[in-house]
Amino acid sequence: MSTVDEPLYPIAVLIDELKNDDIQLRLNSIRRLSTIARALGEERTRKELIPFLCENNDDDDEVLLAMAEELGVFVPYVGGVEHARVLLPPLETLCTVEETCVRDKAVESLCRIGSQMRENDLVDWFIPLVKRLAAGEWFTARVSACGLFHIAYPSAPELLKTELRSIYSQLCQDDMPMVRRSAASNLGKFAATVESAHLKTDIMSFFEDLTQDDQDSVRLLAVEGCAALGKLLEPQDCVSHILPVIVNFSQDKSWRVRYMVANQLYELCEAVGPEPTRTELVPAYVRLLRDNEAEVRIAAAGKVTKFCRIVNPDLAIQHILPCVKELSSDSSQHVRSALASVIMGMAPVLGKDATIEQLLPIFLSLLKDEFPDVRLSIISKLDQVNQVIGIDLLSQSLLPAIVELAEDRHWRVRLAIIEYIPLLASQLGVGFFDDKLGALCMQWLQDKVHAIREAAANNLKRLAEEFGPEWAMQHIIPQVLEIINNPHYLYRMTILHAISLLAPVLGSEITCSSLLPVVITASKDRVPNIKFNVAKVLQSIVPIVDQSQVVEKTIRPCLVELSEDPDVDVRYFSNQALQAIDNVMMS
Amino acid sequence: MTFSADSLTPLEWKFSQVFGERAPGEDVQEGDVITTIGFEKSGDYLAVGDRSGRVVIFERSESKDDSLLYDSRKDLEQLDFAPARHPTFQYKTEFQSHEPEFDYLKSVEIEERINKLKWCATHSGLLFILSANDKTIKQWKVKDHKVKKVKEMSPIPVLCPENVLLAEGSFTNEEESPSIAHSCHLEWTEKLAQNHSPYQDTHARIGDIEGASRARCRKVYTHAHDFSINSISNNSDGETFISADDLRINLWNLDVSEQCFNIIDMKPSSMEDLTEVITSAEFHPAHCNLLAYSSSRGLIRLADMRQAALCDHGARILQHGESRGPKSFFTEIITSISDIKFLNDGRHLISRDYMTLKLWDMNMDSSPVAIFKIHEYLRPKLPELYNNDCIFDKFECCTSGDGLHFATGSYSNLLRVFPDGVGSEGGVIIGAGTTPNRPFIVFLSSRAGGPFTKLLQGIEDHP
């Protein structure tokens, strides 16, 4: 036994519970497998614990998943790298179970162990395991095998490498689509380990097989491989092998395949170089932007900024911008929304002149979109445009859009725009804000929906942080404090909430002179809810006022009075506050 | 039930097995009425769903012997003669798939009745089944519970609690011998048996129930259907399936129960404009992108999922062009298709309406290739059948694995089987009583076989 730093008894319990009927106990035990192994020592872990786990493969998926995960970090407990191979059998079994997440985890753990194993151990133990799985009777084994090749391949001798490649080729043509899917999604990883001579021949022929698969789901994953393979190949090979495939895919019959292409296309631009991008990829991308399936346009529109960043600005202006213009009035609101969420990022790419000339009209039309999400997306990225052309050009259109969103009948929309007010304020400047937006902020404090009032209070705090206490004292505090006289107690409560948020920002002086009197007055309110909130606010203000005479002269008497209130909640919270004061004073 | 390769020699049909036999005078319990039935692809398993939400699984009992005799099932299929013994099925397991529920939002009861059962790919002795009631689809995993048998026990009490593990788990595993998947050579070692734990009682008990099957619900696909689910169908890609209700068809990933995609929506903006409902839907057996769905107007639509995310449009429509004969009040009702099935060749499909079974070629959308009349003698009685609502009964249809025979049901425990190529009046009438091998008498007097309509699926997919 190596190091036993825990008493034996708990270990015995854990071992017992590996076999308990209660799945939760088994799970706990599996999660502490490393503790058990440490207690048993390396030798007995190898000879007893691991064989036991090997045999214990008929369990619930949850337990198997935990086991697959634990075994991945088990190398130190079985005696280090030279004994790592004993971990392979239990994981091999887990690679064949029917539950996908267990298999994936087992493959992940095998990869982790395999990458630590010594080269000759890999050849003697790991590669035979991969071959067994690849020849497995059930498709699950073959699915798992696909994910192990990139670990097995590099250390294999030449002859074995040839064999592994031919096995992979068979997996790419397996009868079961699940296996072909796994082969397609692991092809990139495997290709990265294959010598470049074979890359062009073998791997590319696997790839071509997969790209012509009958099953849409396999072709989809082959698209994902395009970018990964493209990065491995020399630009001229990429142009001759990958480019035709991707151009083909961009016109695939299945919209799901085209959707994937739309998502991935920009990644290929770098791999193929500027000239083929201009002649092939830009036209392909333009086709996707004009696809007749909305889903494809959504994906394409969402990548428009990334794509423009890669191609040169002239190309973007010449070919992409016209499409963007069309998309800004697309029939699908989701397309417009996807476009709006990225289009502001195009401003820095295109530069000032092009932005004013070309993009600005699009921004403006999107700001007037009937769908609130579209407008919100534009507003949320305002800072990106501000850096390029300044806000003035936009501000005239911005204001009506903001006002409309601020009064939208869906409270979630109102909430979303409130979140952006501090950003808008910082971009637009104090002057603009005072004129136009100040009133809106006050209006939200009296919204019918609590979430909005809460956000509005929070918004005031952020504004005060942005523009400073003096500005706040001048522009927001008077209006806020006025609402405390509102006949509806819920609005009065919002003000108390706002005060507790503003006090730390405004500092002790303003708090004592302006905020505290209002709170004290509110303690005479006829509604108990207000009164106990006063107690809470007073408690939160105490650390800020920081002047013991204010606390003793004003706050404490008020709380003492409240602590004799007929209402039980008011008494409770005022007593709490009093206690808190005592604690503060003591320390 | 192996179909002979030579379709010209008429098959001899025998009634071979019955489950759930009633004692004389025993009433049929409402909950026991079978609502759906389906064979697993290999024909080794049969699942039956009933009105009380149970699923019962039967297993072919001779399958193992057969596979010993012949090298593979494929050889078996190519034999010119039927295997000496008829396959018989035996009860394997049953489980409660759905429970009655109440939708509090809509204030309606959701019956537990199983509307459809579909087998997913079986895997290393595990069976996967999709079962659906009106609103919810569930995926079940049926597993043969392997239980370790206790070979030797020693009553000597525990020496050290730490060794409890070793008592059961200490097997000699030769480090040098190559370990093979599924078969780590495990041997009970006697030398450590003296460390045996106090768990022997448990082992003894477990040892007795060796071989029991256990069904576990793996996924629940719910909250996606406003109307009653009438079909579920697996895709050939092995990862998706569709579920169809009266007006919509949704696409699911087998591993993702939280979301699905609506691919067909026939719901008009105003329910007053409603002219037809979806009655059945099925994926193409080989092309993952094609699906067919039938409607109450007698149309079969083929949709290509590649064209658009929502495939309401651009479907090819198979419709029997304005058929001859006078139109009557009932024409519209009896053209409603109750079931469609693709043939395994991927080119043909069959549809069942109230009076006929039709064979279609996907490339010929104007008329069926063949029409088989099921119970023409009922045609004059349509008004009566309308009055007692029988005219709305739904019959299913099925094809044999080789696509040469089609079967569908009728009243009075009658099953119609048509070999491909016979005329519209041809085919065989088979009756099923309650006792196998008993001479059969046709009763035409009363409507006896409502529930029996489902049994027909029995020869579906059977090689």
# chains A, B, ... in the order shown; residues from 1 in each chain; ligands from 1
call {"tool": "residues_around", "arguments": {"residues": "range 316-326 of chain A", "least_positions_apart": "2", "cutoff": "9 Å", "atoms": "only C-alpha atoms", "output": "PyMOL selection string"}}
result
chain A and resi 282-283+285-286+289-290+301+304+307-309+311-314+328-330+339+343+350+354+358-359+361-362
call {"tool": "write_last_selection", "arguments": {"atoms": "N, CA, C and O atoms", "output": "JSON list (two decimals), in the first residue's frame"}}
result
[["chain", "number", "residue", "atom", "x", "y", "z"],
["A", 282, "VAL", "N", -16.70, 34.20, -52.85],
["A", 282, "VAL", "CA", -17.61, 35.34, -52.76],
["A", 282, "VAL", "C", -18.90, 35.07, -53.53],
["A", 282, "VAL", "O", -19.99, 35.27, -52.98],
["A", 283, "PRO", "N", -18.81, 34.58, -54.77],
["A", 283, "PRO", "CA", -20.07, 34.26, -55.45],
["A", 283, "PRO", "C", -20.90, 33.21, -54.70],
["A", 283, "PRO", "O", -22.13, 33.32, -54.64],
["A", 285, "TYR", "N", -20.94, 32.70, -51.52],
["A", 285, "TYR", "CA", -21.54, 33.34, -50.34],
["A", 285, "TYR", "C", -22.72, 34.22, -50.74],
["A", 285, "TYR", "O", -23.76, 34.23, -50.08],
["A", 286, "VAL", "N", -22.56, 34.92, -51.85],
["A", 286, "VAL", "CA", -23.65, 35.77, -52.33],
["A", 286, "VAL", "C", -24.88, 34.92, -52.63],
["A", 286, "VAL", "O", -26.01, 35.30, -52.30],
["A", 289, "LEU", "N", -26.53, 34.14, -49.43],
["A", 289, "LEU", "CA", -27.25, 35.29, -48.87],
["A", 289, "LEU", "C", -28.59, 35.47, -49.57],
["A", 289, "LEU", "O", -29.51, 36.08, -49.03],
["A", 290, "ARG", "N", -28.68, 34.95, -50.79],
["A", 290, "ARG", "CA", -29.94, 35.08, -51.54],
["A", 290, "ARG", "C", -30.68, 33.76, -51.61],
["A", 290, "ARG", "O", -31.56, 33.58, -52.45],
["A", 301, "ALA", "N", -26.52, 35.57, -43.06],
["A", 301, "ALA", "CA", -26.57, 36.96, -42.58],
["A", 301, "ALA", "C", -25.78, 37.10, -41.28],
["A", 301, "ALA", "O", -25.10, 38.10, -41.07],
["A", 304, "VAL", "N", -22.05, 37.80, -41.83],
["A", 304, "VAL", "CA", -21.69, 38.78, -42.85],
["A", 304, "VAL", "C", -20.49, 39.63, -42.42],
["A", 304, "VAL", "O", -19.59, 39.91, -43.21],
["A", 307, "PHE", "N", -17.25, 37.57, -42.54],
["A", 307, "PHE", "CA", -16.85, 37.36, -43.92],
["A", 307, "PHE", "C", -16.21, 38.63, -44.48],
["A", 307, "PHE", "O", -15.15, 38.57, -45.11],
["A", 308, "CYS", "N", -16.84, 39.76, -44.21],
["A", 308, "CYS", "CA", -16.31, 41.01, -44.74],
["A", 308, "CYS", "C", -14.94, 41.35, -44.15],
["A", 308, "CYS", "O", -14.12, 41.98, -44.80],
["A", 309, "ARG", "N", -14.73, 40.93, -42.92],
["A", 309, "ARG", "CA", -13.44, 41.19, -42.29],
["A", 309, "ARG", "C", -12.32, 40.47, -43.03],
["A", 309, "ARG", "O", -11.19, 40.94, -43.08],
["A", 311, "VAL", "N", -12.42, 39.18, -46.44],
["A", 311, "VAL", "CA", -12.21, 39.62, -47.82],
["A", 311, "VAL", "C", -11.87, 41.11, -47.81],
["A", 311, "VAL", "O", -12.11, 41.80, -46.83],
["A", 312, "ASN", "N", -11.31, 41.62, -48.91],
["A", 312, "ASN", "CA", -10.93, 43.03, -48.85],
["A", 312, "ASN", "C", -12.15, 43.93, -49.01],
["A", 312, "ASN", "O", -13.17, 43.54, -49.59],
["A", 313, "PRO", "N", -12.06, 45.17, -48.49],
["A", 313, "PRO", "CA", -13.24, 46.04, -48.41],
["A", 313, "PRO", "C", -13.91, 46.31, -49.76],
["A", 313, "PRO", "O", -15.14, 46.38, -49.83],
["A", 314, "ASP", "N", -13.08, 46.39, -50.81],
["A", 314, "ASP", "CA", -13.69, 46.68, -52.12],
["A", 314, "ASP", "C", -14.65, 45.57, -52.52],
["A", 314, "ASP", "O", -15.75, 45.82, -53.01],
["A", 328, "SER", "N", -31.87, 43.57, -45.50],
["A", 328, "SER", "CA", -32.42, 44.48, -44.49],
["A", 328, "SER", "C", -33.92, 44.64, -44.67],
["A", 328, "SER", "O", -34.60, 45.14, -43.78],
["A", 329, "SER", "N", -34.42, 44.24, -45.83],
["A", 329, "SER", "CA", -35.88, 44.27, -45.99],
["A", 329, "SER", "C", -36.39, 42.86, -46.31],
["A", 329, "SER", "O", -37.35, 42.68, -47.03],
["A", 330, "ASP", "N", -35.70, 41.87, -45.78],
["A", 330, "ASP", "CA", -36.09, 40.49, -46.02],
["A", 330, "ASP", "C", -37.49, 40.22, -45.46],
["A", 330, "ASP", "O", -37.93, 40.86, -44.52],
["A", 339, "LEU", "N", -29.22, 39.76, -39.17],
["A", 339, "LEU", "CA", -28.43, 40.79, -39.83],
["A", 339, "LEU", "C", -28.17, 41.95, -38.87],
["A", 339, "LEU", "O", -27.03, 42.42, -38.73],
["A", 343, "ILE", "N", -24.55, 43.63, -38.13],
["A", 343, "ILE", "CA", -24.25, 44.59, -39.19],
["A", 343, "ILE", "C", -23.45, 45.80, -38.68],
["A", 343, "ILE", "O", -22.64, 46.38, -39.40],
["A", 350, "LEU", "N", -15.58, 48.69, -43.17],
["A", 350, "LEU", "CA", -15.77, 49.42, -44.42],
["A", 350, "LEU", "C", -15.18, 50.83, -44.38],
["A", 350, "LEU", "O", -14.97, 51.44, -45.42],
["A", 354, "ALA", "N", -17.67, 54.72, -46.70],
["A", 354, "ALA", "CA", -18.60, 53.68, -47.13],
["A", 354, "ALA", "C", -19.71, 53.50, -46.11],
["A", 354, "ALA", "O", -20.87, 53.24, -46.48],
["A", 358, "GLN", "N", -23.21, 53.90, -47.51],
["A", 358, "GLN", "CA", -23.92, 52.64, -47.79],
["A", 358, "GLN", "C", -24.65, 52.07, -46.57],
["A", 358, "GLN", "O", -25.78, 51.61, -46.69],
["A", 359, "LEU", "N", -23.92, 52.06, -45.43],
["A", 359, "LEU", "CA", -24.49, 51.34, -44.29],
["A", 359, "LEU", "C", -25.55, 52.16, -43.56],
["A", 359, "LEU", "O", -26.54, 51.61, -43.09],
["A", 361, "PRO", "N", -27.97, 54.15, -44.40],
["A", 361, "PRO", "CA", -29.39, 53.96, -44.76],
["A", 361, "PRO", "C", -29.93, 52.62, -44.26],
["A", 361, "PRO", "O", -31.11, 52.53, -43.89],
["A", 362, "ILE", "N", -29.05, 51.60, -44.26],
["A", 362, "ILE", "CA", -29.51, 50.29, -43.79],
["A", 362, "ILE", "C", -29.78, 50.33, -42.29],
["A", 362, "ILE", "O", -30.80, 49.84, -41.81]]
call {"tool": "interface_residues", "arguments": {"of": "chain A", "to": "chain B", "cutoff": "6 Å", "atoms": "only C-alpha atoms", "output": "list of chain:residue names"}}
result
A:Ala12, A:Ile15, A:Glu48, A:Phe52, A:Thr93, A:Pro177, A:Ser254, A:Trp255, A:Glu293
call {"tool": "write_last_selection", "arguments": {"atoms": "C-alpha atoms", "output": "PDB file, in the first residue's frame"}}
result
ATOM      1  CA  ALA A  12     -14.724  -0.023   3.160  1.00  0.00           C
ATOM      2  CA  ILE A  15     -16.304  -0.234  -1.632  1.00  0.00           C
ATOM      3  CA  GLU A  48      -8.658  -6.318  -8.178  1.00  0.00           C
ATOM      4  CA  PHE A  52     -14.086  -5.651 -10.819  1.00  0.00           C
ATOM      5  CA  THR A  93     -16.329  -2.204 -22.826  1.00  0.00           C
ATOM      6  CA  PRO A 177     -25.117   6.035 -41.041  1.00  0.00           C
ATOM      7  CA  SER A 254     -30.571  19.971 -48.936  1.00  0.00           C
ATOM      8  CA  TRP A 255     -31.045  23.278 -47.184  1.00  0.00           C
ATOM      9  CA  GLU A 293     -34.666  29.097 -47.594  1.00  0.00           C
TER      10      GLU A 293
END
call {"tool": "residues_around", "arguments": {"residues": "Met473 in chain A", "least_positions_apart": "4", "cutoff": "12 Å", "atoms": "only C-alpha atoms", "output": "JSON, numbers by chain"}}
result
{"A": [460, 461, 463, 464, 465, 467, 468, 469, 477, 478, 479, 480, 481, 502, 503, 505, 506, 507, 509, 510, 511, 513, 514, 515]}
call {"tool": "residues_around", "arguments": {"residues": "Tyr45 in chain B", "least_positions_apart": "6", "cutoff": "6 Å", "atoms": "only C-alpha atoms", "output": "list in words"}}
result
Phe39, Phe58 and Glu59 of chain B
call {"tool": "select_by_dssp", "arguments": {"residues": "range 28-61 of chain B", "states": "strand (DSSP E or B)", "output": "number ranges by chain"}}
result
B: 34-39, 45-50, 54-60
call {"tool": "closest_residue", "arguments": {"among": "A:Arg526, A:Ala228, A:Ile520, A:Ala134", "to": "Cys558 in chain A", "atoms": "only C-alpha atoms"}}
result
A:Ile520
call {"tool": "atom_distance", "arguments": {"atom1": "CA of Pro368 in chain B", "atom2": "CA of Arg347 in chain B"}}
result
12.6 Å
call {"tool": "residues_around", "arguments": {"residues": "Leu302 in chain B", "least_positions_apart": "3", "cutoff": "8 Å", "atoms": "only C-alpha atoms", "output": "list in words"}}
result
Leu290, Leu291, Ala292, Tyr293, Ala315, Arg316, Ile317 and Leu318 of chain B
call {"tool": "write_last_selection", "arguments": {"atoms": "C-alpha atoms", "output": "compact mmCIF listing (two decimals), in the first residue's frame"}}
result
# COMPACT_ATOMS: atom_id res chain seq x y z
CA LEU B 290 -38.43 11.84 -48.12
CA LEU B 291 -41.62 11.36 -46.21
CA ALA B 292 -45.18 10.56 -47.17
CA TYR B 293 -48.33 11.59 -45.40
CA ALA B 315 -44.93 18.16 -52.24
CA ARG B 316 -45.77 15.64 -54.90
CA ILE B 317 -49.35 14.52 -54.54
CA LEU B 318 -50.57 11.03 -55.29
call {"tool": "residues_around", "arguments": {"residues": "Ile430 in chain B", "least_positions_apart": "5", "cutoff": "7 Å", "atoms": "only C-alpha atoms", "output": "list of chain:residue names"}}
result
B:Leu414, B:Leu415, B:Arg416
call {"tool": "atom_distance", "arguments": {"atom1": "CA of Thr45 in chain A", "atom2": "CA of Ala66 in chain A"}}
result
17.6 Å
call {"tool": "atom_distance", "arguments": {"atom1": "CA of Leu367 in chain A", "atom2": "CA of Ile379 in chain A"}}
result
8.0 Å
call {"tool": "select_by_dssp", "arguments": {"residues": "range 309-431 of chain B", "states": "alpha helix (DSSP H)", "output": "ChimeraX atom specification"}}
result
/B:331-335,382-387
call {"tool": "write_last_selection", "arguments": {"atoms": "C-alpha atoms", "output": "mmCIF file, in the first residue's frame"}}
result
data_model
loop_
_atom_site.group_PDB
_atom_site.id
_atom_site.type_symbol
_atom_site.label_atom_id
_atom_site.label_comp_id
_atom_site.auth_asym_id
_atom_site.auth_seq_id
_atom_site.Cartn_x
_atom_site.Cartn_y
_atom_site.Cartn_z
ATOM 1 C CA THR B 331 -67.799 9.092 -51.325
ATOM 2 C CA GLU B 332 -65.940 11.678 -49.366
ATOM 3 C CA ILE B 333 -65.972 9.671 -46.160
ATOM 4 C CA ILE B 334 -64.749 6.454 -47.684
ATOM 5 C CA THR B 335 -61.911 8.077 -49.610
ATOM 6 C CA LEU B 382 -73.003 2.228 -46.451
ATOM 7 C CA PRO B 383 -76.000 4.147 -45.079
ATOM 8 C CA GLU B 384 -76.330 1.633 -42.255
ATOM 9 C CA LEU B 385 -72.585 1.738 -41.582
ATOM 10 C CA TYR B 386 -72.841 5.500 -41.463
ATOM 11 C CA ASN B 387 -75.649 5.381 -38.961
#
call {"tool": "residues_around", "arguments": {"residues": "Gly225 in chain A", "least_positions_apart": "3", "cutoff": "10 Å", "atoms": "only C-alpha atoms", "output": "list in words"}}
result
Ala184, Ser185, Asn186, Leu187, Gly188, Lys189, Ala191, Phe207, Thr211, Arg219, Leu220, Leu221, Ala222, Ala228, Leu229, Gly230, Ile242 and Gln264 of chain A
call {"tool": "decode", "arguments": {"residues": "range 75-162 of chain A", "atoms": "C-alpha atoms", "output": "tab-separated table (two decimals), in the first residue's frame"}}
result
chain	number	residue	atom	x	y	z
A	75	VAL	CA	-3.25	6.53	-14.65
A	76	PRO	CA	-1.47	7.61	-11.43
A	77	TYR	CA	-3.52	5.20	-9.32
A	78	VAL	CA	-2.60	2.07	-11.28
A	79	GLY	CA	1.10	2.77	-11.04
A	80	GLY	CA	1.78	5.37	-13.69
A	81	VAL	CA	2.23	5.31	-17.41
A	82	GLU	CA	3.87	1.92	-17.59
A	83	HIS	CA	0.72	0.28	-16.24
A	84	ALA	CA	-1.78	2.49	-18.06
A	85	ARG	CA	-2.80	-0.37	-20.30
A	86	VAL	CA	-4.80	-2.06	-17.53
A	87	LEU	CA	-7.29	0.77	-17.86
A	88	LEU	CA	-8.03	-0.06	-21.47
A	89	PRO	CA	-10.30	-3.11	-20.99
A	90	PRO	CA	-12.98	-1.44	-18.85
A	91	LEU	CA	-13.03	1.58	-21.16
A	92	GLU	CA	-13.18	-0.65	-24.20
A	93	THR	CA	-16.33	-2.20	-22.83
A	94	LEU	CA	-17.78	1.22	-22.13
A	95	CYS	CA	-17.05	2.19	-25.74
A	96	THR	CA	-19.62	-0.34	-26.86
A	97	VAL	CA	-22.61	0.58	-24.69
A	98	GLU	CA	-25.67	2.00	-26.37
A	99	GLU	CA	-25.83	5.29	-24.51
A	100	THR	CA	-24.11	7.95	-26.58
A	101	CYS	CA	-22.88	10.10	-23.73
A	102	VAL	CA	-21.21	7.14	-22.00
A	103	ARG	CA	-19.43	6.15	-25.21
A	104	ASP	CA	-18.29	9.69	-25.87
A	105	LYS	CA	-16.89	9.98	-22.38
A	106	ALA	CA	-15.16	6.59	-22.66
A	107	VAL	CA	-13.58	7.65	-25.96
A	108	GLU	CA	-12.47	10.92	-24.40
A	109	SER	CA	-10.89	9.05	-21.48
A	110	LEU	CA	-9.21	6.56	-23.80
A	111	CYS	CA	-7.74	9.44	-25.80
A	112	ARG	CA	-6.47	11.02	-22.61
A	113	ILE	CA	-4.84	7.77	-21.47
A	114	GLY	CA	-3.58	6.94	-24.94
A	115	SER	CA	-1.84	10.27	-25.27
A	116	GLN	CA	0.16	9.49	-22.13
A	117	MET	CA	1.03	5.90	-23.01
A	118	ARG	CA	4.49	4.89	-24.14
A	119	GLU	CA	4.90	4.27	-27.82
A	120	ASN	CA	5.44	0.52	-27.66
A	121	ASP	CA	2.51	0.13	-25.29
A	122	LEU	CA	0.34	1.96	-27.79
A	123	VAL	CA	1.41	-0.45	-30.49
A	124	ASP	CA	0.93	-3.49	-28.28
A	125	TRP	CA	-2.31	-2.56	-26.56
A	126	PHE	CA	-3.98	0.57	-27.82
A	127	ILE	CA	-3.89	-0.09	-31.55
A	128	PRO	CA	-5.25	-3.64	-31.19
A	129	LEU	CA	-8.07	-2.12	-29.15
A	130	VAL	CA	-8.86	0.35	-31.91
A	131	LYS	CA	-8.85	-2.47	-34.44
A	132	ARG	CA	-11.14	-4.61	-32.32
A	133	LEU	CA	-13.60	-1.76	-31.89
A	134	ALA	CA	-13.48	-0.92	-35.59
A	135	ALA	CA	-14.37	-4.52	-36.38
A	136	GLY	CA	-17.02	-4.63	-33.68
A	137	GLU	CA	-20.23	-6.44	-34.34
A	138	TRP	CA	-22.40	-3.57	-33.08
A	139	PHE	CA	-22.25	-0.18	-34.64
A	140	THR	CA	-21.62	1.43	-31.26
A	141	ALA	CA	-18.13	-0.06	-31.13
A	142	ARG	CA	-17.37	1.16	-34.63
A	143	VAL	CA	-18.70	4.63	-33.82
A	144	SER	CA	-16.32	4.79	-30.86
A	145	ALA	CA	-13.39	3.48	-32.90
A	146	CYS	CA	-13.54	6.51	-35.23
A	147	GLY	CA	-12.66	8.82	-32.36
A	148	LEU	CA	-9.48	6.94	-31.41
A	149	PHE	CA	-7.52	6.89	-34.66
A	150	HIS	CA	-5.81	10.22	-34.13
A	151	ILE	CA	-4.23	8.85	-30.94
A	152	ALA	CA	-3.32	5.46	-32.36
A	153	TYR	CA	-1.95	6.53	-35.71
A	154	PRO	CA	1.17	8.60	-34.97
A	155	SER	CA	3.03	5.88	-33.07
A	156	ALA	CA	2.14	3.03	-35.42
A	157	PRO	CA	4.86	1.50	-37.59
A	158	GLU	CA	4.54	1.98	-41.33
A	159	LEU	CA	2.74	-1.27	-42.05
A	160	LEU	CA	0.23	-0.71	-39.30
A	161	LYS	CA	-0.36	2.83	-40.49
A	162	THR	CA	-1.42	1.51	-43.86
